[in-house]
>>> print(open('upload_35.cif').read())   # mmCIF, C-alpha atoms and all ligand atoms
data_structure
#
loop_
_atom_site.label_atom_id
_atom_site.label_comp_id
_atom_site.auth_asym_id
_atom_site.auth_seq_id
_atom_site.Cartn_x
_atom_site.Cartn_y
_atom_site.Cartn_z
CA MET A 1 53.10 -163.53 -150.71
CA GLN A 2 53.79 -161.06 -153.52
CA THR A 3 51.35 -158.10 -153.64
CA THR A 4 50.85 -156.81 -157.21
CA LEU A 5 49.97 -153.17 -157.85
CA PHE A 6 47.49 -152.82 -160.73
CA SER A 7 45.89 -149.75 -162.26
CA ALA A 8 42.13 -149.27 -161.81
CA LYS A 9 42.12 -147.44 -165.15
CA ASP A 10 43.24 -150.52 -167.14
CA THR A 11 40.28 -152.68 -168.22
CA ASP A 12 42.37 -155.87 -168.50
CA GLN A 13 43.73 -155.37 -165.00
CA LEU A 14 40.19 -154.73 -163.66
CA ALA A 15 39.07 -157.98 -165.28
CA ALA A 16 42.03 -159.81 -163.69
CA ALA A 17 41.05 -158.39 -160.29
CA GLY A 18 37.49 -159.66 -160.82
CA ALA A 19 38.71 -163.16 -161.69
CA LEU A 20 41.01 -163.22 -158.68
CA LEU A 21 38.13 -162.20 -156.36
CA ARG A 22 35.85 -164.86 -157.85
CA ALA A 23 38.56 -167.42 -157.12
CA GLY A 24 38.78 -166.39 -153.43
CA GLY A 25 41.63 -163.84 -153.61
CA LEU A 26 41.97 -160.56 -151.70
CA VAL A 27 42.11 -157.28 -153.65
CA ALA A 28 42.32 -153.76 -152.21
CA ILE A 29 40.01 -151.49 -154.22
CA PRO A 30 39.49 -147.73 -154.42
CA THR A 31 36.11 -146.32 -153.37
CA GLU A 32 34.94 -142.72 -153.05
CA THR A 33 35.30 -142.92 -149.23
CA VAL A 34 38.45 -144.94 -148.40
CA TYR A 35 40.18 -147.99 -149.94
CA GLY A 36 38.49 -151.30 -149.14
CA LEU A 37 40.01 -154.76 -148.76
CA ALA A 38 37.63 -156.83 -150.89
CA CYS A 39 36.80 -160.52 -151.16
CA SER A 40 33.77 -162.48 -152.38
CA ALA A 41 31.02 -162.14 -149.74
CA PHE A 42 30.00 -165.74 -150.38
CA ARG A 43 33.40 -167.38 -149.75
CA PRO A 44 33.81 -167.80 -145.99
CA GLU A 45 37.47 -168.89 -146.34
CA ALA A 46 38.32 -165.67 -148.22
CA VAL A 47 36.44 -163.63 -145.60
CA ALA A 48 38.51 -165.31 -142.88
CA ARG A 49 41.68 -164.27 -144.73
CA VAL A 50 40.50 -160.63 -144.77
CA PHE A 51 40.18 -160.70 -140.97
CA ALA A 52 43.63 -162.30 -140.67
CA ALA A 53 45.31 -159.84 -143.07
CA LYS A 54 43.97 -156.85 -141.12
CA GLY A 55 44.34 -158.37 -137.65
CA ARG A 56 40.63 -157.56 -137.16
CA PRO A 57 38.59 -158.99 -134.26
CA SER A 58 36.26 -161.62 -135.77
CA ASP A 59 33.11 -160.16 -134.15
CA ASN A 60 33.45 -156.88 -136.09
CA PRO A 61 31.23 -157.34 -139.19
CA LEU A 62 32.06 -156.31 -142.75
CA ILE A 63 30.11 -154.14 -145.20
CA VAL A 64 28.99 -155.90 -148.40
CA HIS A 65 29.38 -153.86 -151.60
CA ILE A 66 27.01 -154.15 -154.56
CA SER A 67 26.95 -152.67 -158.07
CA ASP A 68 23.24 -153.02 -158.77
CA LEU A 69 20.09 -152.77 -156.63
CA SER A 70 19.01 -156.25 -157.81
CA GLU A 71 21.82 -157.71 -155.64
CA LEU A 72 19.97 -156.59 -152.46
CA SER A 73 17.71 -159.63 -152.69
CA LEU A 74 20.79 -161.91 -152.39
CA LEU A 75 21.66 -160.28 -149.07
CA TRP A 76 18.60 -158.94 -147.25
CA GLN A 77 15.66 -161.06 -146.03
CA GLU A 78 13.28 -158.23 -146.87
CA ILE A 79 14.04 -154.88 -148.42
CA PRO A 80 12.73 -152.13 -146.11
CA PRO A 81 10.70 -149.63 -148.18
CA GLU A 82 12.73 -146.81 -146.58
CA ALA A 83 15.91 -148.41 -147.96
CA LEU A 84 14.64 -147.99 -151.51
CA ARG A 85 13.83 -144.34 -150.91
CA LEU A 86 17.27 -143.78 -149.40
CA ALA A 87 18.90 -145.68 -152.27
CA GLU A 88 17.13 -143.40 -154.70
CA ALA A 89 18.52 -140.34 -152.93
CA PHE A 90 22.05 -141.46 -151.93
CA TRP A 91 23.15 -144.51 -153.97
CA PRO A 92 25.55 -145.01 -155.47
CA GLY A 93 27.40 -143.15 -152.73
CA PRO A 94 28.79 -143.03 -149.18
CA LEU A 95 25.78 -144.49 -147.32
CA THR A 96 25.70 -147.98 -145.75
CA MET A 97 22.38 -149.48 -144.64
CA ILE A 98 21.83 -152.36 -142.20
CA ALA A 99 18.87 -154.78 -142.45
CA ARG A 100 18.15 -158.46 -141.59
CA LYS A 101 20.31 -160.86 -143.57
CA ARG A 102 19.34 -163.85 -145.67
CA PRO A 103 20.52 -167.19 -144.25
CA GLU A 104 22.87 -167.64 -147.25
CA VAL A 105 25.04 -164.69 -146.15
CA PRO A 106 27.91 -166.32 -144.25
CA GLY A 107 28.10 -165.58 -140.52
CA GLU A 108 31.82 -164.88 -141.04
CA VAL A 109 30.85 -161.66 -142.91
CA THR A 110 28.46 -160.42 -140.22
CA GLY A 111 30.44 -161.38 -137.13
CA GLY A 112 27.63 -163.77 -136.22
CA LEU A 113 24.92 -161.04 -136.31
CA ASP A 114 21.60 -161.68 -138.07
CA THR A 115 21.90 -158.37 -139.94
CA VAL A 116 24.11 -157.33 -142.85
CA ALA A 117 25.42 -153.89 -143.83
CA VAL A 118 25.25 -153.04 -147.55
CA ARG A 119 26.70 -150.22 -149.64
CA PHE A 120 26.56 -149.35 -153.35
CA PRO A 121 29.78 -147.38 -153.92
CA ALA A 122 29.94 -144.54 -156.44
CA HIS A 123 33.58 -144.98 -157.53
CA PRO A 124 33.56 -146.25 -161.14
CA ALA A 125 36.47 -148.66 -160.47
CA ALA A 126 34.69 -150.13 -157.42
CA GLN A 127 31.58 -150.70 -159.52
CA ALA A 128 33.63 -152.19 -162.37
CA VAL A 129 35.46 -154.63 -160.11
CA ILE A 130 32.21 -155.80 -158.42
CA ARG A 131 30.71 -156.39 -161.88
CA ALA A 132 33.86 -158.19 -163.02
CA ALA A 133 33.79 -160.43 -159.94
CA GLY A 134 30.10 -161.18 -160.61
CA VAL A 135 29.39 -161.35 -156.87
CA PRO A 136 28.86 -158.84 -154.01
CA LEU A 137 32.15 -158.02 -152.27
CA ALA A 138 32.69 -157.90 -148.52
CA ALA A 139 35.18 -155.11 -147.81
CA PRO A 140 36.38 -153.43 -144.63
CA SER A 141 38.73 -150.47 -144.90
CA ALA A 142 42.10 -151.69 -146.25
CA ASN A 143 44.24 -150.75 -143.23
CA LEU A 144 45.74 -152.77 -140.41
CA SER A 145 43.13 -152.90 -137.64
CA GLY A 146 43.45 -149.82 -135.43
CA SER A 147 45.41 -147.60 -137.83
CA PRO A 148 43.93 -144.75 -139.92
CA SER A 149 41.94 -145.84 -142.99
CA PRO A 150 43.82 -145.65 -146.32
CA THR A 151 42.92 -142.84 -148.70
CA CYS A 152 45.45 -143.76 -151.42
CA ALA A 153 47.09 -146.94 -152.73
CA GLU A 154 50.39 -146.12 -150.97
CA HIS A 155 48.66 -146.23 -147.55
CA VAL A 156 47.33 -149.71 -148.40
CA ARG A 157 50.78 -150.86 -149.49
CA SER A 158 52.43 -149.64 -146.32
CA ASP A 159 49.89 -151.59 -144.18
CA LEU A 160 49.17 -154.75 -146.20
CA ASP A 161 52.13 -155.42 -148.54
CA GLY A 162 52.81 -159.18 -148.59
CA ARG A 163 49.44 -159.99 -146.94
CA ILE A 164 47.08 -159.67 -149.94
CA GLU A 165 47.25 -160.61 -153.62
CA MET A 166 46.53 -157.28 -155.30
CA ILE A 167 46.07 -153.53 -154.89
CA LEU A 168 44.06 -151.65 -157.54
CA ASP A 169 45.37 -148.09 -157.66
CA GLY A 170 42.59 -145.60 -158.40
CA GLY A 171 44.28 -142.46 -157.00
CA ALA A 172 43.22 -140.50 -153.93
CA CYS A 173 39.71 -140.96 -152.46
CA ASP A 174 37.20 -138.10 -152.89
CA PHE A 175 35.63 -138.09 -149.40
CA GLY A 176 38.43 -139.45 -147.21
CA VAL A 177 36.27 -140.73 -144.33
CA GLU A 178 34.23 -143.94 -144.29
CA SER A 179 30.55 -144.10 -145.25
CA THR A 180 27.64 -143.12 -143.01
CA VAL A 181 26.32 -146.33 -141.36
CA LEU A 182 22.54 -146.32 -140.82
CA ASP A 183 20.70 -149.06 -138.88
CA LEU A 184 17.25 -149.77 -140.37
CA THR A 185 16.46 -152.69 -138.05
CA ARG A 186 15.22 -150.67 -135.05
CA ARG A 187 13.12 -147.54 -134.59
CA PRO A 188 14.00 -144.77 -134.57
CA PHE A 189 16.53 -145.39 -137.33
CA ALA A 190 19.98 -144.55 -136.02
CA VAL A 191 23.27 -143.38 -137.50
CA LEU A 192 25.87 -145.71 -135.99
CA ARG A 193 28.80 -144.03 -137.76
CA PRO A 194 28.61 -140.48 -139.17
CA GLY A 195 29.88 -139.85 -142.71
CA SER A 196 29.44 -137.48 -145.61
CA VAL A 197 25.70 -138.22 -145.76
CA THR A 198 24.65 -136.20 -142.70
CA PRO A 199 21.62 -136.82 -140.41
CA GLU A 200 20.14 -133.64 -141.86
CA MET A 201 20.40 -135.06 -145.39
CA LEU A 202 18.79 -138.33 -144.21
CA ARG A 203 15.95 -136.38 -142.60
CA GLY A 204 15.14 -135.07 -146.07
CA VAL A 205 13.98 -138.63 -146.86
CA LEU A 206 13.05 -140.19 -143.48
CA SER A 207 10.79 -138.63 -140.88
CA GLU A 208 13.02 -139.47 -137.92
CA VAL A 209 16.74 -140.26 -137.63
CA ILE A 210 18.83 -140.15 -134.48
CA THR A 211 22.59 -140.26 -134.02
CA ASP A 212 23.60 -143.09 -131.69
CA PRO A 213 24.98 -141.51 -128.48
CA ALA A 214 28.09 -143.73 -128.66
CA VAL A 215 29.23 -141.74 -131.72
CA LEU A 216 30.77 -139.02 -129.55
CA ARG A 217 31.56 -140.72 -126.27
CA PRO A 218 33.14 -143.98 -125.17
CA LEU A 219 30.80 -146.88 -124.36
CA ASP A 220 29.82 -147.13 -120.72
CA ARG A 221 30.92 -150.22 -118.84
CA GLY A 222 28.47 -153.04 -119.57
CA GLU A 223 26.82 -151.07 -122.43
CA THR A 224 26.28 -153.17 -125.58
CA ALA A 225 27.56 -151.59 -128.79
CA ARG A 226 24.86 -151.23 -131.44
CA SER A 227 27.72 -151.51 -133.91
CA PRO A 228 30.65 -153.74 -132.87
CA GLY A 229 33.08 -151.21 -134.43
CA MET A 230 32.25 -148.83 -131.55
CA LYS A 231 34.02 -151.11 -129.09
CA TYR A 232 37.46 -150.84 -130.57
CA ARG A 233 40.04 -148.06 -130.52
CA HIS A 234 40.28 -146.76 -134.06
CA TYR A 235 42.18 -144.53 -136.40
CA ALA A 236 44.90 -144.18 -133.82
CA PRO A 237 48.45 -143.04 -134.51
CA GLN A 238 51.29 -144.41 -132.33
CA SER A 239 51.61 -141.18 -130.33
CA PRO A 240 48.80 -140.24 -127.91
CA VAL A 241 46.36 -137.69 -129.37
CA THR A 242 44.32 -135.05 -127.53
CA ALA A 243 41.53 -133.38 -129.53
CA VAL A 244 40.96 -129.70 -128.75
CA SER A 245 37.44 -128.83 -129.89
CA GLY A 246 36.23 -125.29 -130.47
CA PRO A 247 36.72 -122.30 -132.76
CA GLY A 248 40.14 -122.45 -134.47
CA CYS A 249 41.48 -119.32 -132.74
CA GLY A 250 40.55 -120.84 -129.36
CA SER A 251 42.05 -124.27 -129.96
CA ALA A 252 45.24 -122.66 -131.36
CA ALA A 253 45.57 -120.51 -128.23
CA TYR A 254 45.00 -123.52 -125.97
CA ILE A 255 47.56 -125.62 -127.82
CA ARG A 256 50.21 -122.85 -127.79
CA ALA A 257 49.76 -122.59 -124.03
CA HIS A 258 49.83 -126.32 -123.29
CA LEU A 259 52.15 -127.96 -125.85
CA LEU A 260 55.10 -129.65 -124.15
CA GLU A 261 58.62 -130.45 -125.39
CA GLY A 262 58.43 -133.17 -128.04
CA GLY A 263 54.79 -132.46 -128.89
CA ALA A 264 53.31 -132.16 -132.39
CA VAL A 265 50.18 -130.52 -133.83
CA LEU A 266 47.48 -131.47 -136.31
CA CYS A 267 46.00 -128.12 -137.32
CA PHE A 268 43.64 -126.31 -139.64
CA ASP A 269 45.28 -124.79 -142.76
CA GLU A 270 44.58 -121.30 -141.40
CA PHE A 271 46.85 -121.92 -138.35
CA LEU A 272 49.85 -123.70 -139.88
CA ARG A 273 51.95 -120.51 -139.58
CA ASP A 274 51.18 -120.32 -135.84
CA PHE A 275 53.02 -123.59 -135.34
CA ALA A 276 55.98 -122.89 -137.62
CA ARG A 277 58.68 -124.14 -135.23
CA ILE A 278 56.80 -127.22 -134.08
CA PRO A 279 56.27 -130.50 -135.98
CA SER A 280 52.86 -129.76 -137.47
CA VAL A 281 50.62 -130.95 -140.30
CA ALA A 282 47.59 -129.07 -141.69
CA TYR A 283 44.67 -131.28 -142.69
CA GLY A 284 42.20 -128.87 -144.29
CA SER A 285 40.40 -125.57 -143.92
CA GLU A 286 38.47 -124.77 -140.75
CA THR A 287 35.57 -123.51 -142.87
CA ASP A 288 35.38 -126.51 -145.21
CA ALA A 289 34.24 -129.80 -143.62
CA ALA A 290 34.85 -131.76 -146.84
CA SER A 291 38.50 -130.64 -147.00
CA LEU A 292 39.08 -131.71 -143.38
CA ALA A 293 37.55 -135.14 -144.06
CA ARG A 294 39.65 -135.56 -147.22
CA GLY A 295 42.91 -134.68 -145.47
CA LEU A 296 42.45 -136.22 -142.02
CA TYR A 297 43.80 -139.76 -142.39
CA ALA A 298 46.74 -138.88 -144.66
CA SER A 299 47.75 -136.18 -142.14
CA LEU A 300 47.52 -138.59 -139.19
CA ARG A 301 49.72 -141.03 -141.13
CA LEU A 302 52.22 -138.25 -141.90
CA LEU A 303 52.45 -137.22 -138.23
CA ASP A 304 52.90 -140.87 -137.33
CA ARG A 305 56.11 -141.24 -139.37
CA GLU A 306 58.06 -140.07 -136.32
CA PRO A 307 57.32 -140.68 -132.65
CA HIS A 308 56.04 -137.62 -130.73
CA ALA A 309 55.60 -137.24 -126.99
CA HIS A 310 52.01 -136.23 -127.69
CA ILE A 311 49.83 -134.76 -130.45
CA PHE A 312 47.32 -131.94 -130.06
CA ALA A 313 44.66 -131.87 -132.79
CA GLN A 314 42.53 -128.85 -133.64
CA CYS A 315 38.99 -130.24 -133.80
CA PRO A 316 35.90 -128.45 -135.14
CA PRO A 317 33.15 -127.58 -132.66
CA LEU A 318 30.18 -129.98 -132.58
CA SER A 319 27.74 -129.68 -135.47
CA GLU A 320 26.07 -132.13 -137.86
CA GLU A 321 28.11 -130.90 -140.82
CA TYR A 322 31.42 -131.65 -139.08
CA LEU A 323 30.24 -134.77 -137.22
CA ALA A 324 32.22 -137.30 -139.31
CA VAL A 325 35.52 -135.49 -138.72
CA THR A 326 34.80 -134.84 -135.04
CA ASN A 327 33.88 -138.51 -134.50
CA ARG A 328 37.09 -139.82 -136.15
CA LEU A 329 39.27 -137.36 -134.22
CA CYS A 330 37.58 -138.19 -130.90
CA ARG A 331 38.13 -141.90 -131.58
CA SER A 332 41.76 -141.42 -132.56
CA ALA A 333 42.16 -139.49 -129.31
CA GLY A 334 40.57 -142.37 -127.37
CA PHE A 335 37.93 -139.71 -126.46
CA ARG A 336 40.48 -137.44 -124.75
CA VAL A 337 38.71 -134.24 -125.83
CA ILE A 338 39.10 -130.73 -124.41
CA HIS A 339 36.40 -128.16 -125.24
CA VAL A 340 37.52 -124.53 -125.46
CA ASP A 341 35.94 -121.14 -126.18
CA GLU A 342 37.25 -118.61 -128.74
CA LYS A 343 39.84 -117.36 -126.25
CA GLY A 344 41.21 -120.84 -125.59
CA ALA A 345 39.71 -121.20 -122.10
CA GLU A 346 38.44 -124.68 -121.20
CA ILE A 347 34.64 -124.94 -121.03
O1 LIG B 1 33.23 -146.27 -146.56
C1 LIG B 1 33.20 -147.39 -146.04
O2 LIG B 1 32.22 -147.80 -145.39
C2 LIG B 1 34.42 -148.28 -146.23
C3 LIG B 1 34.54 -148.61 -147.73
C4 LIG B 1 35.62 -149.60 -148.02
O3 LIG B 1 33.31 -149.04 -148.21
N1 LIG B 1 34.31 -149.49 -145.45
C5 LIG B 1 34.47 -149.49 -144.09
O4 LIG B 1 34.39 -150.75 -143.51
O5 LIG B 1 34.68 -148.49 -143.45
P1 LIG B 1 34.86 -151.05 -142.02
O6 LIG B 1 34.80 -152.52 -141.93
O7 LIG B 1 36.17 -150.42 -141.77
O8 LIG B 1 33.74 -150.45 -141.12
C6 LIG B 1 32.46 -151.07 -141.05
C7 LIG B 1 31.73 -150.56 -139.84
C8 LIG B 1 32.29 -151.16 -138.57
O9 LIG B 1 32.25 -150.17 -137.56
C9 LIG B 1 31.30 -152.29 -138.26
O10 LIG B 1 31.21 -152.57 -136.88
C10 LIG B 1 29.99 -151.71 -138.80
O11 LIG B 1 30.36 -150.98 -139.95
N2 LIG B 1 29.05 -152.78 -139.23
C11 LIG B 1 29.17 -153.61 -140.29
N3 LIG B 1 28.13 -154.48 -140.33
C12 LIG B 1 27.33 -154.19 -139.27
C13 LIG B 1 26.12 -154.74 -138.76
N4 LIG B 1 25.52 -155.77 -139.34
N5 LIG B 1 25.60 -154.18 -137.62
C14 LIG B 1 26.21 -153.14 -137.01
N6 LIG B 1 27.35 -152.58 -137.46
C15 LIG B 1 27.92 -153.09 -138.56
MG MG B 2 37.74 -149.58 -140.76
#
>>> encode(input="upload_35.cif", output="structure tokens")
Amino acid sequence: MQTTLFSAKDTDQLAAAGALLRAGGLVAIPTETVYGLACSAFRPEAVARVFAAKGRPSDNPLIVHISDLSELSLLWQEIPPEALRLAEAFWPGPLTMIARKRPEVPGEVTGGLDTVAVRFPAHPAAQAVIRAAGVPLAAPSANLSGSPSPTCAEHVRSDLDGRIEMILDGGACDFGVESTVLDLTRRPFAVLRPGSVTPEMLRGVLSEVITDPAVLRPLDRGETARSPGMKYRHYAPQSPVTAVSGPGCGSAAYIRAHLLEGGAVLCFDEFLRDFARIPSVAYGSETDAASLARGLYASLRLLDREPHAHIFAQCPPLSEEYLAVTNRLCRSAGFRVIHVDEKGAEI
């Protein structure tokens, strides 16, 4: 199959993408978080092709994207009143909410679950393409299953060229990590995947929000994942990653002391000079959570261009503001995480 690269700025090309989606085609689209691999949410055969193109396990459900609140009634059995208050505060934007699904939503989209995750993206091209398709779009991140999510059209091309009909190029993504996923079906409401909308921001609207414990640790044996995505290794480069969590000066000291021949480093901007003679990539500033999120996946992809014996990653200490970055790094490290103090001693 030939994959065409179209511009998200060209109205004719956006309209063509919409028509293709309506007809059951697969189009990678830009969003403010990461690129999504979109298809009509109401065409089970197109949804099946999305799973095949990504090599995604069929029990891992997709997020459905809308461009108007009125589309919620096509997807959710009932609209939780809290969802409307959250929509008012955070939509369009990087928040996904889960509620009971209507019977018309194909089981292929939800991995057989009776709930469906919905997001109203803020990216103008994402909104335009949903409107042009005239139907809500199911879209997982547009990467091969298990590799870092794509934050520009080139990442999508390198993973999915020849497997999908079209890529809409809308430049680099603003946030760089996937949306916050919030489960509204059980109390207390729980964040199943942290994102740019932090638990603290959600608590400005809801009285109680917890972060699911599986966000920062592997599932125990026999434990059921509240979100199927928690079961799978994610965002992983080919070389084994160890996350070193703590103040930057401490993680840098630890890494200098423990890096072996053939190792590489993912570091904060402030420490790039410390690793001058070692293969190293800086992903953002230690003091700016948004910059780390924006740079993380592109930097992991860059490090992954060559094989390394191992990769040490400087990881921020635990806090709500940095939770999205910490979660993605812990997952890409398969939860191999070392905690250090400011001197680089293990704690
Ligand atoms: O920012 C994003 O959310 C991006 C863009 C494209 O919108 N999409 C994205 O989709 O990250 P994906 O498929 O890579 O991740 C969806 C996550 C998975 O971990 C999945 O298990 C979870 O959401 N999920 C989806 N529907 C669910 C449901 N009904 N119940 C529990 N978890 C669900
Ligand atoms: Mg994904």
>>> residues_around(input="upload_35.cif", residues="stretch 120-137 of chain A", least_positions_apart="3", cutoff="9 Å", atoms="all atoms listed in the file", output="PDB file with C-alpha atoms, keeping the file's coordinate frame")
ATOM      1  CA  ALA A   8      42.130-149.270-161.810  1.00  0.00           C
ATOM      2  CA  LYS A   9      42.120-147.440-165.150  1.00  0.00           C
ATOM      3  CA  THR A  11      40.280-152.680-168.220  1.00  0.00           C
ATOM      4  CA  LEU A  14      40.190-154.730-163.660  1.00  0.00           C
ATOM      5  CA  ALA A  15      39.070-157.980-165.280  1.00  0.00           C
ATOM      6  CA  ALA A  16      42.030-159.810-163.690  1.00  0.00           C
ATOM      7  CA  ALA A  17      41.050-158.390-160.290  1.00  0.00           C
ATOM      8  CA  GLY A  18      37.490-159.660-160.820  1.00  0.00           C
ATOM      9  CA  ALA A  19      38.710-163.160-161.690  1.00  0.00           C
ATOM     10  CA  LEU A  20      41.010-163.220-158.680  1.00  0.00           C
ATOM     11  CA  LEU A  21      38.130-162.200-156.360  1.00  0.00           C
ATOM     12  CA  ARG A  22      35.850-164.860-157.850  1.00  0.00           C
ATOM     13  CA  ALA A  23      38.560-167.420-157.120  1.00  0.00           C
ATOM     14  CA  ILE A  29      40.010-151.490-154.220  1.00  0.00           C
ATOM     15  CA  PRO A  30      39.490-147.730-154.420  1.00  0.00           C
ATOM     16  CA  THR A  31      36.110-146.320-153.370  1.00  0.00           C
ATOM     17  CA  GLU A  32      34.940-142.720-153.050  1.00  0.00           C
ATOM     18  CA  THR A  33      35.300-142.920-149.230  1.00  0.00           C
ATOM     19  CA  ALA A  38      37.630-156.830-150.890  1.00  0.00           C
ATOM     20  CA  CYS A  39      36.800-160.520-151.160  1.00  0.00           C
ATOM     21  CA  SER A  40      33.770-162.480-152.380  1.00  0.00           C
ATOM     22  CA  ALA A  41      31.020-162.140-149.740  1.00  0.00           C
ATOM     23  CA  PHE A  42      30.000-165.740-150.380  1.00  0.00           C
ATOM     24  CA  ILE A  63      30.110-154.140-145.200  1.00  0.00           C
ATOM     25  CA  VAL A  64      28.990-155.900-148.400  1.00  0.00           C
ATOM     26  CA  HIS A  65      29.380-153.860-151.600  1.00  0.00           C
ATOM     27  CA  ILE A  66      27.010-154.150-154.560  1.00  0.00           C
ATOM     28  CA  SER A  67      26.950-152.670-158.070  1.00  0.00           C
ATOM     29  CA  ASP A  68      23.240-153.020-158.770  1.00  0.00           C
ATOM     30  CA  LEU A  69      20.090-152.770-156.630  1.00  0.00           C
ATOM     31  CA  GLU A  71      21.820-157.710-155.640  1.00  0.00           C
ATOM     32  CA  LEU A  74      20.790-161.910-152.390  1.00  0.00           C
ATOM     33  CA  LEU A  75      21.660-160.280-149.070  1.00  0.00           C
ATOM     34  CA  ALA A  87      18.900-145.680-152.270  1.00  0.00           C
ATOM     35  CA  TRP A  91      23.150-144.510-153.970  1.00  0.00           C
ATOM     36  CA  PRO A  92      25.550-145.010-155.470  1.00  0.00           C
ATOM     37  CA  GLY A  93      27.400-143.150-152.730  1.00  0.00           C
ATOM     38  CA  PRO A  94      28.790-143.030-149.180  1.00  0.00           C
ATOM     39  CA  LEU A  95      25.780-144.490-147.320  1.00  0.00           C
ATOM     40  CA  THR A  96      25.700-147.980-145.750  1.00  0.00           C
ATOM     41  CA  LEU A 168      44.060-151.650-157.540  1.00  0.00           C
ATOM     42  CA  GLY A 170      42.590-145.600-158.400  1.00  0.00           C
ATOM     43  CA  CYS A 173      39.710-140.960-152.460  1.00  0.00           C
TER      44      CYS A 173
END
>>> atom_distance(input="upload_35.cif", atom1="atom CA of A:His310", atom2="atom CA of A:Lys343")
22.5 Å
>>> residues_near_ligand(input="upload_35.cif", ligand="ligand LIG 1 (chain B)", cutoff="8 Å", atoms="all atoms listed in the file", output="PyMOL selection string")
chain A and resi 29-37+60-63+65+94-96+98-99+110-111+113-119+121+139-142+149+177-181+183+192-193+226-230
>>> residues_around(input="upload_35.cif", residues="stretch 318-320 of chain A", least_positions_apart="4", cutoff="8 Å", atoms="only C-alpha atoms", output="short mmCIF file (atom, residue, chain, number, x, y, z; two decimals) with C-alpha atoms, in the frame of the given file")
data_model
loop_
_atom_site.label_atom_id
_atom_site.label_comp_id
_atom_site.auth_asym_id
_atom_site.auth_seq_id
_atom_site.Cartn_x
_atom_site.Cartn_y
_atom_site.Cartn_z
CA THR A 198 24.65 -136.20 -142.70
CA PRO A 199 21.62 -136.82 -140.41
CA GLU A 200 20.14 -133.64 -141.86
CA SER A 245 37.44 -128.83 -129.89
CA GLY A 246 36.23 -125.29 -130.47
CA THR A 326 34.80 -134.84 -135.04
#
>>> residues_around(input="upload_35.cif", residues="A:Gly146", least_positions_apart="4", cutoff="12 Å", atoms="all atoms listed in the file", output="PyMOL selection string")
chain A and resi 54-57+141-142+150+159+229-238+328+331-332+334
>>> atom_distance(input="upload_35.cif", atom1="atom CA of A:Gln77", atom2="atom CA of A:Val47")
20.9 Å
>>> atom_distance(input="upload_35.cif", atom1="atom CA of A:Arg305", atom2="atom CA of A:Leu144")
15.5 Å
>>> closest_residue(input="upload_35.cif", among="A:Glu108, A:Glu165, A:His155, A:Leu72", to="A:Met1", atoms="all atoms listed in the file")
A:Glu165
>>> residues_around(input="upload_35.cif", residues="A:Ala289", least_positions_apart="2", cutoff="9 Å", atoms="all atoms listed in the file", output="JSON, numbers by chain")
{"A": [284, 285, 286, 287, 291, 292, 293, 294, 316, 321, 322, 324, 325]}
>>> residues_near_point(input="upload_35.cif", point="(43.3, -119.0, -130.7)", cutoff="10 Å", atoms="only C-alpha atoms", output="MDAnalysis selection string")
chainID A and resid 246:257 271 274 340:345
>>> write_last_selection(input="upload_35.cif", atoms="C-alpha atoms", output="PDB file, in the frame of the given file")
ATOM      1  CA  GLY A 246      36.230-125.290-130.470  1.00  0.00           C
ATOM      2  CA  PRO A 247      36.720-122.300-132.760  1.00  0.00           C
ATOM      3  CA  GLY A 248      40.140-122.450-134.470  1.00  0.00           C
ATOM      4  CA  CYS A 249      41.480-119.320-132.740  1.00  0.00           C
ATOM      5  CA  GLY A 250      40.550-120.840-129.360  1.00  0.00           C
ATOM      6  CA  SER A 251      42.050-124.270-129.960  1.00  0.00           C
ATOM      7  CA  ALA A 252      45.240-122.660-131.360  1.00  0.00           C
ATOM      8  CA  ALA A 253      45.570-120.510-128.230  1.00  0.00           C
ATOM      9  CA  TYR A 254      45.000-123.520-125.970  1.00  0.00           C
ATOM     10  CA  ILE A 255      47.560-125.620-127.820  1.00  0.00           C
ATOM     11  CA  ARG A 256      50.210-122.850-127.790  1.00  0.00           C
ATOM     12  CA  ALA A 257      49.760-122.590-124.030  1.00  0.00           C
ATOM     13  CA  PHE A 271      46.850-121.920-138.350  1.00  0.00           C
ATOM     14  CA  ASP A 274      51.180-120.320-135.840  1.00  0.00           C
ATOM     15  CA  VAL A 340      37.520-124.530-125.460  1.00  0.00           C
ATOM     16  CA  ASP A 341      35.940-121.140-126.180  1.00  0.00           C
ATOM     17  CA  GLU A 342      37.250-118.610-128.740  1.00  0.00           C
ATOM     18  CA  LYS A 343      39.840-117.360-126.250  1.00  0.00           C
ATOM     19  CA  GLY A 344      41.210-120.840-125.590  1.00  0.00           C
ATOM     20  CA  ALA A 345      39.710-121.200-122.100  1.00  0.00           C
TER      21      ALA A 345
END
>>> axis_aligned_box(input="upload_35.cif", around="stretch 50-62 of chain A", padding_each_side="3 Å", output="JSON")
{"center_x": 38.3, "center_y": -159.3, "center_z": -139.5, "size_x": 20.1, "size_y": 12.0, "size_z": 16.6}
>>> closest_residue(input="upload_35.cif", among="A:Leu296, A:Leu260, A:Ala153, A:Val244", to="A:Gly171", atoms="only C-alpha atoms")
A:Ala153
